[in-house]
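Down below is the structure, laid out as structure tokens.
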Amino acid sequence: MRWAALVGGTGSNLRALIAAGSPIALVVSHRPGVGALDIADGAGIPHIVLDPRQHSGRAAYDAALLDVLREADIEALVLAGFLRILTAPVVRAYAGRAVNVHPSLLPAFQGLHAVRQALDYGVRVTGVTVHIVDEGLDSGPIIFQEALMVHPDDNEETLSERIHAIEHRLLPEAVRLLDQQHLSIIGRQVYIREE
Ligand code: GRF
């Protein structure tokens with residue numbers, strides 16, 4: 001399948017996807033000047049910035065996004081640092097073919113700054129979730145979760161570093177499974193078939 005990576009940050013997950021051989025045909029960033037765009041550039045992957053400030057609202061933004069994706073014949077989406085909730089037209093166009101990575105054990109600590117939220121709460125265990133994208137906030141069916149211990153002396157930077165290492169393993173694997181049609185989604189359950 002032809003995948004688009006939707007990004008907006010440093011791009012470490014994009015780098016991991018590229019290194020794992022994920023078939024990323026297009027990179028779309030909601031932010032200009034981010035590291036993810038440099039990584040796409042270095043890998044020779046077409047990339048585009050869709051800046052929300054240049055669109056009149058979420059519906060207009062997502063209409064432009066859909067145009068870009070259709071123009072490039074994109075069949076599946078991987079969200080890696082794309083800090084926007086997709087509206088129904090995009091979610092429906094890619095139903096069951098869009099995955100997101102989130103730095104917590106969902107449904108705990110949805111939304112922005114999940115690592116900081118976990119530290120502020122004082123949890124002893126947090127983790128990573130890779131899930132199918134639906135119309136909610138970090139709410140779709142879960143493909144993978146992996147836990148890690150929070151160390152007493154952790155700060156946002158040290159904990160994020162260990163979380164990223166897990167993300168870089170789980171996200172390319174989820175993309176591979178979806179790409180090779182090894183996932184079935186029934187309600188909230190995701191079944192993995194490896195034959
Ligand atoms: C990751 O921590 C991911 O879980 C969250 O955004 C961050 C993106 O990091 N959705 P990067 O740009 O891939 O380094």
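We label chains A, B, ... in the order they appear in the structure tokens, count residues from 1 in each chain, and number ligands from 1 in the order shown.
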
List all protein, DNA and RNA residues that have at least one atom no more than 7 Å from any atom of ligand 1, counting only C-alpha atoms and all ligand atoms, and write them as a PDB file with N, CA, C and O atoms, in the first residue's frame.
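Generated output (selection21.pdb):
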ATOM      1  N   VAL A   7       2.861  14.130  10.235  1.00  0.00           N
ATOM      2  CA  VAL A   7       3.851  14.458  11.265  1.00  0.00           C
ATOM      3  C   VAL A   7       3.685  15.904  11.725  1.00  0.00           C
ATOM      4  O   VAL A   7       2.835  16.638  11.219  1.00  0.00           O
ATOM      5  N   GLY A   8       4.549  16.305  12.650  1.00  0.00           N
ATOM      6  CA  GLY A   8       4.499  17.683  13.124  1.00  0.00           C
ATOM      7  C   GLY A   8       5.618  17.974  14.109  1.00  0.00           C
ATOM      8  O   GLY A   8       5.658  19.046  14.703  1.00  0.00           O
ATOM      9  N   GLY A   9       6.516  17.013  14.289  1.00  0.00           N
ATOM     10  CA  GLY A   9       7.550  17.197  15.320  1.00  0.00           C
ATOM     11  C   GLY A   9       8.938  16.856  14.836  1.00  0.00           C
ATOM     12  O   GLY A   9       9.285  17.054  13.669  1.00  0.00           O
ATOM     13  N   THR A  10       9.709  16.281  15.748  1.00  0.00           N
ATOM     14  CA  THR A  10      11.114  16.027  15.436  1.00  0.00           C
ATOM     15  C   THR A  10      11.297  14.916  14.394  1.00  0.00           C
ATOM     16  O   THR A  10      12.327  14.857  13.730  1.00  0.00           O
ATOM     17  N   GLY A  11      10.320  14.022  14.304  1.00  0.00           N
ATOM     18  CA  GLY A  11      10.368  13.016  13.242  1.00  0.00           C
ATOM     19  C   GLY A  11      11.124  11.754  13.596  1.00  0.00           C
ATOM     20  O   GLY A  11      11.480  10.971  12.709  1.00  0.00           O
ATOM     21  N   SER A  12      11.335  11.498  14.884  1.00  0.00           N
ATOM     22  CA  SER A  12      12.088  10.280  15.226  1.00  0.00           C
ATOM     23  C   SER A  12      11.310   9.028  14.834  1.00  0.00           C
ATOM     24  O   SER A  12      11.899   8.025  14.422  1.00  0.00           O
ATOM     25  N   ASN A  13      10.001   9.084  14.944  1.00  0.00           N
ATOM     26  CA  ASN A  13       9.212   7.924  14.497  1.00  0.00           C
ATOM     27  C   ASN A  13       9.251   7.774  12.984  1.00  0.00           C
ATOM     28  O   ASN A  13       9.272   6.653  12.473  1.00  0.00           O
ATOM     29  N   LEU A  14       9.237   8.896  12.285  1.00  0.00           N
ATOM     30  CA  LEU A  14       9.353   8.826  10.825  1.00  0.00           C
ATOM     31  C   LEU A  14      10.685   8.170  10.450  1.00  0.00           C
ATOM     32  O   LEU A  14      10.735   7.308   9.564  1.00  0.00           O
ATOM     33  N   ALA A  36      10.961  16.523  11.158  1.00  0.00           N
ATOM     34  CA  ALA A  36      10.384  15.454  10.342  1.00  0.00           C
ATOM     35  C   ALA A  36      10.506  15.775   8.848  1.00  0.00           C
ATOM     36  O   ALA A  36      10.706  14.873   8.020  1.00  0.00           O
ATOM     37  N   ALA A  80       2.357  10.205  13.259  1.00  0.00           N
ATOM     38  CA  ALA A  80       3.522  10.146  14.145  1.00  0.00           C
ATOM     39  C   ALA A  80       3.896  11.572  14.519  1.00  0.00           C
ATOM     40  O   ALA A  80       4.726  12.204  13.876  1.00  0.00           O
ATOM     41  N   GLY A  81       3.219  12.081  15.544  1.00  0.00           N
ATOM     42  CA  GLY A  81       3.476  13.450  15.951  1.00  0.00           C
ATOM     43  C   GLY A  81       2.569  14.454  15.251  1.00  0.00           C
ATOM     44  O   GLY A  81       2.858  15.647  15.252  1.00  0.00           O
ATOM     45  N   PHE A  82       1.471  13.969  14.686  1.00  0.00           N
ATOM     46  CA  PHE A  82       0.490  14.846  14.032  1.00  0.00           C
ATOM     47  C   PHE A  82      -0.517  15.237  15.100  1.00  0.00           C
ATOM     48  O   PHE A  82      -1.362  14.432  15.489  1.00  0.00           O
ATOM     49  N   LEU A  83      -0.369  16.459  15.609  1.00  0.00           N
ATOM     50  CA  LEU A  83      -1.118  16.839  16.813  1.00  0.00           C
ATOM     51  C   LEU A  83      -2.449  17.486  16.456  1.00  0.00           C
ATOM     52  O   LEU A  83      -2.775  18.592  16.897  1.00  0.00           O
ATOM     53  N   ASN A 100      -2.062   5.425  14.781  1.00  0.00           N
ATOM     54  CA  ASN A 100      -1.450   6.520  15.533  1.00  0.00           C
ATOM     55  C   ASN A 100      -0.615   5.928  16.667  1.00  0.00           C
ATOM     56  O   ASN A 100      -0.926   4.841  17.167  1.00  0.00           O
ATOM     57  N   VAL A 101       0.417   6.643  17.056  1.00  0.00           N
ATOM     58  CA  VAL A 101       1.200   6.234  18.226  1.00  0.00           C
ATOM     59  C   VAL A 101       1.021   7.296  19.296  1.00  0.00           C
ATOM     60  O   VAL A 101       1.047   8.494  19.010  1.00  0.00           O
ATOM     61  N   HIS A 102       0.815   6.828  20.536  1.00  0.00           N
ATOM     62  CA  HIS A 102       0.576   7.761  21.635  1.00  0.00           C
ATOM     63  C   HIS A 102       1.447   7.362  22.829  1.00  0.00           C
ATOM     64  O   HIS A 102       1.500   6.177  23.185  1.00  0.00           O
ATOM     65  N   PRO A 103       2.081   8.345  23.476  1.00  0.00           N
ATOM     66  CA  PRO A 103       3.044   8.006  24.536  1.00  0.00           C
ATOM     67  C   PRO A 103       2.425   7.824  25.919  1.00  0.00           C
ATOM     68  O   PRO A 103       2.851   8.438  26.900  1.00  0.00           O
ATOM     69  N   HIS A 164      10.188   6.772  23.555  1.00  0.00           N
ATOM     70  CA  HIS A 164      10.467   6.841  22.115  1.00  0.00           C
ATOM     71  C   HIS A 164      11.073   5.538  21.606  1.00  0.00           C
ATOM     72  O   HIS A 164      10.742   5.075  20.516  1.00  0.00           O
ATOM     73  N   GLU A 167       8.305   3.233  21.031  1.00  0.00           N
ATOM     74  CA  GLU A 167       7.520   3.668  19.863  1.00  0.00           C
ATOM     75  C   GLU A 167       8.192   3.256  18.559  1.00  0.00           C
ATOM     76  O   GLU A 167       7.531   2.799  17.623  1.00  0.00           O
TER      77      GLU A 167
END

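CA of Leu79 (chain A) is positioned 23.0 Å from CA of Thr158 (chain A).
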
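Ranking A:Ile163, A:Val99, A:Leu183, A:Val91 by their shortest atom-to-atom distance to Leu148 (chain A), with only C-alpha atoms included, puts A:Ile163 first.
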
Nearby residues (only C-alpha atoms) at most 6 Å from region 23-32 of chain A, same-chain spacing under 5 positions excluded, as a compact mmCIF listing (two decimals) with all heavy atoms, in the first residue's frame:
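Saved the output as selection30.txt:
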# COMPACT_ATOMS: atom_id res chain seq x y z
N ARG A 2 0.34 2.32 -0.52
CA ARG A 2 1.04 3.60 -0.46
C ARG A 2 0.62 4.33 0.83
O ARG A 2 -0.57 4.62 1.00
CB ARG A 2 0.69 4.46 -1.68
CG ARG A 2 1.38 4.02 -2.95
CD ARG A 2 0.85 4.78 -4.15
NE ARG A 2 1.13 6.22 -4.10
CZ ARG A 2 2.30 6.77 -4.40
NH1 ARG A 2 3.32 6.00 -4.76
NH2 ARG A 2 2.45 8.08 -4.35
N TRP A 3 1.58 4.57 1.68
CA TRP A 3 1.32 5.19 2.99
C TRP A 3 1.74 6.66 2.98
O TRP A 3 2.76 7.01 2.39
CB TRP A 3 2.12 4.49 4.08
CG TRP A 3 1.60 3.13 4.44
CD1 TRP A 3 1.70 1.99 3.69
CD2 TRP A 3 0.90 2.77 5.64
NE1 TRP A 3 1.10 0.94 4.35
CE2 TRP A 3 0.62 1.39 5.56
CE3 TRP A 3 0.52 3.47 6.78
CZ2 TRP A 3 -0.05 0.71 6.57
CZ3 TRP A 3 -0.15 2.80 7.79
CH2 TRP A 3 -0.43 1.43 7.67
N ALA A 4 0.96 7.48 3.70
CA ALA A 4 1.40 8.84 4.04
C ALA A 4 1.69 8.87 5.52
O ALA A 4 0.93 8.31 6.33
CB ALA A 4 0.35 9.87 3.70
N ALA A 5 2.78 9.50 5.91
CA ALA A 5 3.07 9.77 7.31
C ALA A 5 2.63 11.19 7.61
O ALA A 5 3.05 12.13 6.92
CB ALA A 5 4.56 9.59 7.59
N LEU A 6 1.77 11.33 8.62
CA LEU A 6 1.34 12.67 9.05
C LEU A 6 2.15 13.03 10.29
O LEU A 6 2.12 12.28 11.28
CB LEU A 6 -0.17 12.69 9.35
CG LEU A 6 -1.11 12.16 8.27
CD1 LEU A 6 -2.56 12.44 8.64
CD2 LEU A 6 -0.79 12.76 6.91
N VAL A 7 2.86 14.13 10.24
CA VAL A 7 3.85 14.46 11.26
C VAL A 7 3.69 15.90 11.72
O VAL A 7 2.83 16.64 11.22
CB VAL A 7 5.28 14.23 10.71
CG1 VAL A 7 5.50 12.78 10.30
CG2 VAL A 7 5.56 15.19 9.55
N GLY A 8 4.55 16.30 12.65
CA GLY A 8 4.50 17.68 13.12
C GLY A 8 5.62 17.97 14.11
O GLY A 8 5.66 19.05 14.70
N PRO A 46 8.64 12.65 -0.97
CA PRO A 46 7.90 13.90 -1.18
C PRO A 46 7.26 14.37 0.12
O PRO A 46 6.75 13.55 0.88
CB PRO A 46 6.83 13.52 -2.21
CG PRO A 46 7.33 12.30 -2.88
CD PRO A 46 8.19 11.58 -1.87
N HIS A 47 7.34 15.67 0.39
CA HIS A 47 6.79 16.18 1.65
C HIS A 47 6.12 17.52 1.43
O HIS A 47 6.49 18.27 0.52
CB HIS A 47 7.89 16.28 2.71
CG HIS A 47 9.13 16.95 2.22
ND1 HIS A 47 9.32 18.31 2.26
CD2 HIS A 47 10.25 16.43 1.65
CE1 HIS A 47 10.49 18.60 1.74
NE2 HIS A 47 11.08 17.48 1.36
N ILE A 48 5.13 17.79 2.26
CA ILE A 48 4.36 19.01 2.10
C ILE A 48 3.95 19.51 3.48
O ILE A 48 3.75 18.70 4.39
CB ILE A 48 3.12 18.73 1.20
CG1 ILE A 48 2.25 19.96 1.06
CG2 ILE A 48 2.29 17.58 1.69
CD1 ILE A 48 1.14 19.79 0.05
N VAL A 49 3.88 20.82 3.62
CA VAL A 49 3.38 21.42 4.86
C VAL A 49 1.95 21.87 4.62
O VAL A 49 1.68 22.58 3.65
CB VAL A 49 4.24 22.63 5.29
CG1 VAL A 49 3.63 23.31 6.51
CG2 VAL A 49 5.67 22.20 5.55
N LEU A 50 1.05 21.44 5.47
CA LEU A 50 -0.31 21.98 5.45
C LEU A 50 -0.48 22.72 6.77
O LEU A 50 -0.64 22.10 7.82
CB LEU A 50 -1.34 20.85 5.36
CG LEU A 50 -1.70 20.32 3.98
CD1 LEU A 50 -2.81 19.29 4.11
CD2 LEU A 50 -2.11 21.42 3.03
N ASP A 51 -0.39 24.03 6.70
CA ASP A 51 -0.39 24.85 7.91
C ASP A 51 -1.84 25.23 8.26
O ASP A 51 -2.52 25.87 7.45
CB ASP A 51 0.45 26.11 7.62
CG ASP A 51 0.71 26.91 8.88
OD1 ASP A 51 -0.08 26.81 9.84
OD2 ASP A 51 1.71 27.67 8.89

Which residues of region 80-127 of chain A come within 10 Å of region 149-154 of chain A, and what is each one's closest atom pair and distance in Å (one decimal), counting only C-alpha atoms, sorted by chain and residue number, as JSON lines?
{"residue": "A:Ala118", "atom": "CA", "partner": "A:Val150", "partner_atom": "CA", "distance": 9.1}
{"residue": "A:Leu119", "atom": "CA", "partner": "A:Val150", "partner_atom": "CA", "distance": 8.1}
{"residue": "A:Gly122", "atom": "CA", "partner": "A:Val150", "partner_atom": "CA", "distance": 8.7}
{"residue": "A:Val123", "atom": "CA", "partner": "A:Val150", "partner_atom": "CA", "distance": 7.2}
{"residue": "A:Arg124", "atom": "CA", "partner": "A:Val150", "partner_atom": "CA", "distance": 5.0}
{"residue": "A:Val125", "atom": "CA", "partner": "A:Met149", "partner_atom": "CA", "distance": 4.5}
{"residue": "A:Thr126", "atom": "CA", "partner": "A:Met149", "partner_atom": "CA", "distance": 6.4}
{"residue": "A:Gly127", "atom": "CA", "partner": "A:Met149", "partner_atom": "CA", "distance": 8.0}

With C-alpha atoms retained, write the just-selected residues as a CSV table (one decimal), in the first residue's frame.
chain,number,residue,atom,x,y,z
A,118,ALA,CA,1.9,10.8,33.6
A,119,LEU,CA,4.7,12.3,35.7
A,122,GLY,CA,2.7,10.2,39.8
A,123,VAL,CA,2.1,6.9,38.0
A,124,ARG,CA,4.7,4.1,38.6
A,125,VAL,CA,4.0,2.5,35.2
A,126,THR,CA,3.3,4.2,31.9
A,127,GLY,CA,3.9,3.1,28.3

Using only C-alpha atoms, determine which residues lie at most 6 Å from region 136-143 of chain A, disregarding the query and same-chain residues fewer than 4 positions distant; provide the list as JSON, numbers by chain.
{"A": [110, 130, 131, 132, 188, 190]}

Grab the residues selected above and save them as a PDB file, in the first residue's frame with all heavy atoms.
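Just written: selection.pdb:
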ATOM      1  N   GLN A 110      -4.770  10.923  27.665  1.00  0.00           N
ATOM      2  CA  GLN A 110      -5.008  11.258  26.253  1.00  0.00           C
ATOM      3  C   GLN A 110      -4.557  12.699  25.974  1.00  0.00           C
ATOM      4  O   GLN A 110      -4.379  13.482  26.900  1.00  0.00           O
ATOM      5  CB  GLN A 110      -6.508  11.139  25.957  1.00  0.00           C
ATOM      6  CG  GLN A 110      -6.998   9.698  26.027  1.00  0.00           C
ATOM      7  CD  GLN A 110      -8.493   9.621  26.232  1.00  0.00           C
ATOM      8  OE1 GLN A 110      -9.067  10.410  26.968  1.00  0.00           O
ATOM      9  NE2 GLN A 110      -9.113   8.665  25.589  1.00  0.00           N
ATOM     10  N   VAL A 130      -0.196   1.926  20.358  1.00  0.00           N
ATOM     11  CA  VAL A 130      -0.378   2.108  18.914  1.00  0.00           C
ATOM     12  C   VAL A 130      -1.802   1.661  18.607  1.00  0.00           C
ATOM     13  O   VAL A 130      -2.204   0.563  18.998  1.00  0.00           O
ATOM     14  CB  VAL A 130       0.638   1.277  18.101  1.00  0.00           C
ATOM     15  CG1 VAL A 130       0.390   1.459  16.605  1.00  0.00           C
ATOM     16  CG2 VAL A 130       2.059   1.686  18.451  1.00  0.00           C
ATOM     17  N   HIS A 131      -2.557   2.550  17.984  1.00  0.00           N
ATOM     18  CA  HIS A 131      -3.978   2.240  17.798  1.00  0.00           C
ATOM     19  C   HIS A 131      -4.491   2.710  16.442  1.00  0.00           C
ATOM     20  O   HIS A 131      -3.872   3.557  15.785  1.00  0.00           O
ATOM     21  CB  HIS A 131      -4.803   2.873  18.938  1.00  0.00           C
ATOM     22  CG  HIS A 131      -4.779   4.388  18.936  1.00  0.00           C
ATOM     23  ND1 HIS A 131      -5.706   5.152  18.278  1.00  0.00           N
ATOM     24  CD2 HIS A 131      -3.915   5.270  19.507  1.00  0.00           C
ATOM     25  CE1 HIS A 131      -5.428   6.432  18.447  1.00  0.00           C
ATOM     26  NE2 HIS A 131      -4.344   6.532  19.190  1.00  0.00           N
ATOM     27  N   ILE A 132      -5.611   2.143  16.073  1.00  0.00           N
ATOM     28  CA  ILE A 132      -6.324   2.565  14.866  1.00  0.00           C
ATOM     29  C   ILE A 132      -6.934   3.938  15.136  1.00  0.00           C
ATOM     30  O   ILE A 132      -7.389   4.213  16.248  1.00  0.00           O
ATOM     31  CB  ILE A 132      -7.438   1.537  14.544  1.00  0.00           C
ATOM     32  CG1 ILE A 132      -6.830   0.151  14.243  1.00  0.00           C
ATOM     33  CG2 ILE A 132      -8.346   2.015  13.419  1.00  0.00           C
ATOM     34  CD1 ILE A 132      -6.067   0.042  12.941  1.00  0.00           C
ATOM     35  N   ARG A 188     -14.052  -3.098  18.951  1.00  0.00           N
ATOM     36  CA  ARG A 188     -12.841  -2.507  19.529  1.00  0.00           C
ATOM     37  C   ARG A 188     -11.669  -3.487  19.525  1.00  0.00           C
ATOM     38  O   ARG A 188     -10.570  -3.127  19.945  1.00  0.00           O
ATOM     39  CB  ARG A 188     -13.101  -2.063  20.976  1.00  0.00           C
ATOM     40  CG  ARG A 188     -13.926  -0.796  21.079  1.00  0.00           C
ATOM     41  CD  ARG A 188     -13.624  -0.064  22.367  1.00  0.00           C
ATOM     42  NE  ARG A 188     -12.216   0.245  22.524  1.00  0.00           N
ATOM     43  CZ  ARG A 188     -11.610   1.331  22.016  1.00  0.00           C
ATOM     44  NH1 ARG A 188     -12.294   2.200  21.327  1.00  0.00           N
ATOM     45  NH2 ARG A 188     -10.325   1.528  22.212  1.00  0.00           N
ATOM     46  N   VAL A 190      -8.716  -5.798  18.015  1.00  0.00           N
ATOM     47  CA  VAL A 190      -7.837  -5.936  16.856  1.00  0.00           C
ATOM     48  C   VAL A 190      -7.185  -7.315  16.947  1.00  0.00           C
ATOM     49  O   VAL A 190      -6.541  -7.632  17.952  1.00  0.00           O
ATOM     50  CB  VAL A 190      -6.758  -4.836  16.833  1.00  0.00           C
ATOM     51  CG1 VAL A 190      -5.818  -5.041  15.650  1.00  0.00           C
ATOM     52  CG2 VAL A 190      -7.405  -3.451  16.763  1.00  0.00           C
TER      53      VAL A 190
END

Identify which of the residues A:Arg15, A:Ala98, A:Asp134, A:Leu112 lies closest to Ala174 (chain A), counting only C-alpha atoms when measuring atom-to-atom distances.
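Nearest candidate to Ala174 (chain A) out of A:Arg15, A:Ala98, A:Asp134, A:Leu112: A:Ala98.
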
Among region 73-179 of chain A, which ones does DSSP assign to alpha helix (DSSP H) (computed from the backbone)? Answer as a VMD selection string.
chain A and resid 88 to 93 114 to 121 156 to 179

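Among the candidates A:Ile192, A:Leu159, A:Leu170, A:Ile85, the residue lying nearest to Ala16 (chain A) is A:Leu170 (atoms considered: only C-alpha atoms).
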
Just give me the gap between CA of Leu37 (chain A) and CA of Leu17 (chain A) in Å, one decimal is fine.
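Going from CA of Leu37 (chain A) over to CA of Leu17 (chain A) covers 13.9 Å.
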
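With only C-alpha atoms as the atoms that count, the minimum distance from Gly96 (chain A) to the choices A:Leu65, A:Ile45, A:Val133, A:Met1 is reached by A:Val133.
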
Pick from A:Val175, A:Arg169, A:Arg116, A:Glu156, whichever lies nearest to Val128 (chain A) using only C-alpha atoms:
A:Arg169

Quick one: pick out all strand (DSSP E) residues within chain A from a backbone DSSP run and write them as a VMD selection string.
chain A and resid 3 to 7 24 to 29 47 to 49 76 to 80 98 to 102 125 to 132 142 to 149 183 to 186 189 to 192

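For Thr87 (chain A), the residues within 10 Å (counting only C-alpha atoms, excluding itself and residues fewer than 6 positions away along the chain) are Arg58, Ala59, Tyr61, Asp62, Ala63, Asp134, Glu135 and Gly136 of chain A.
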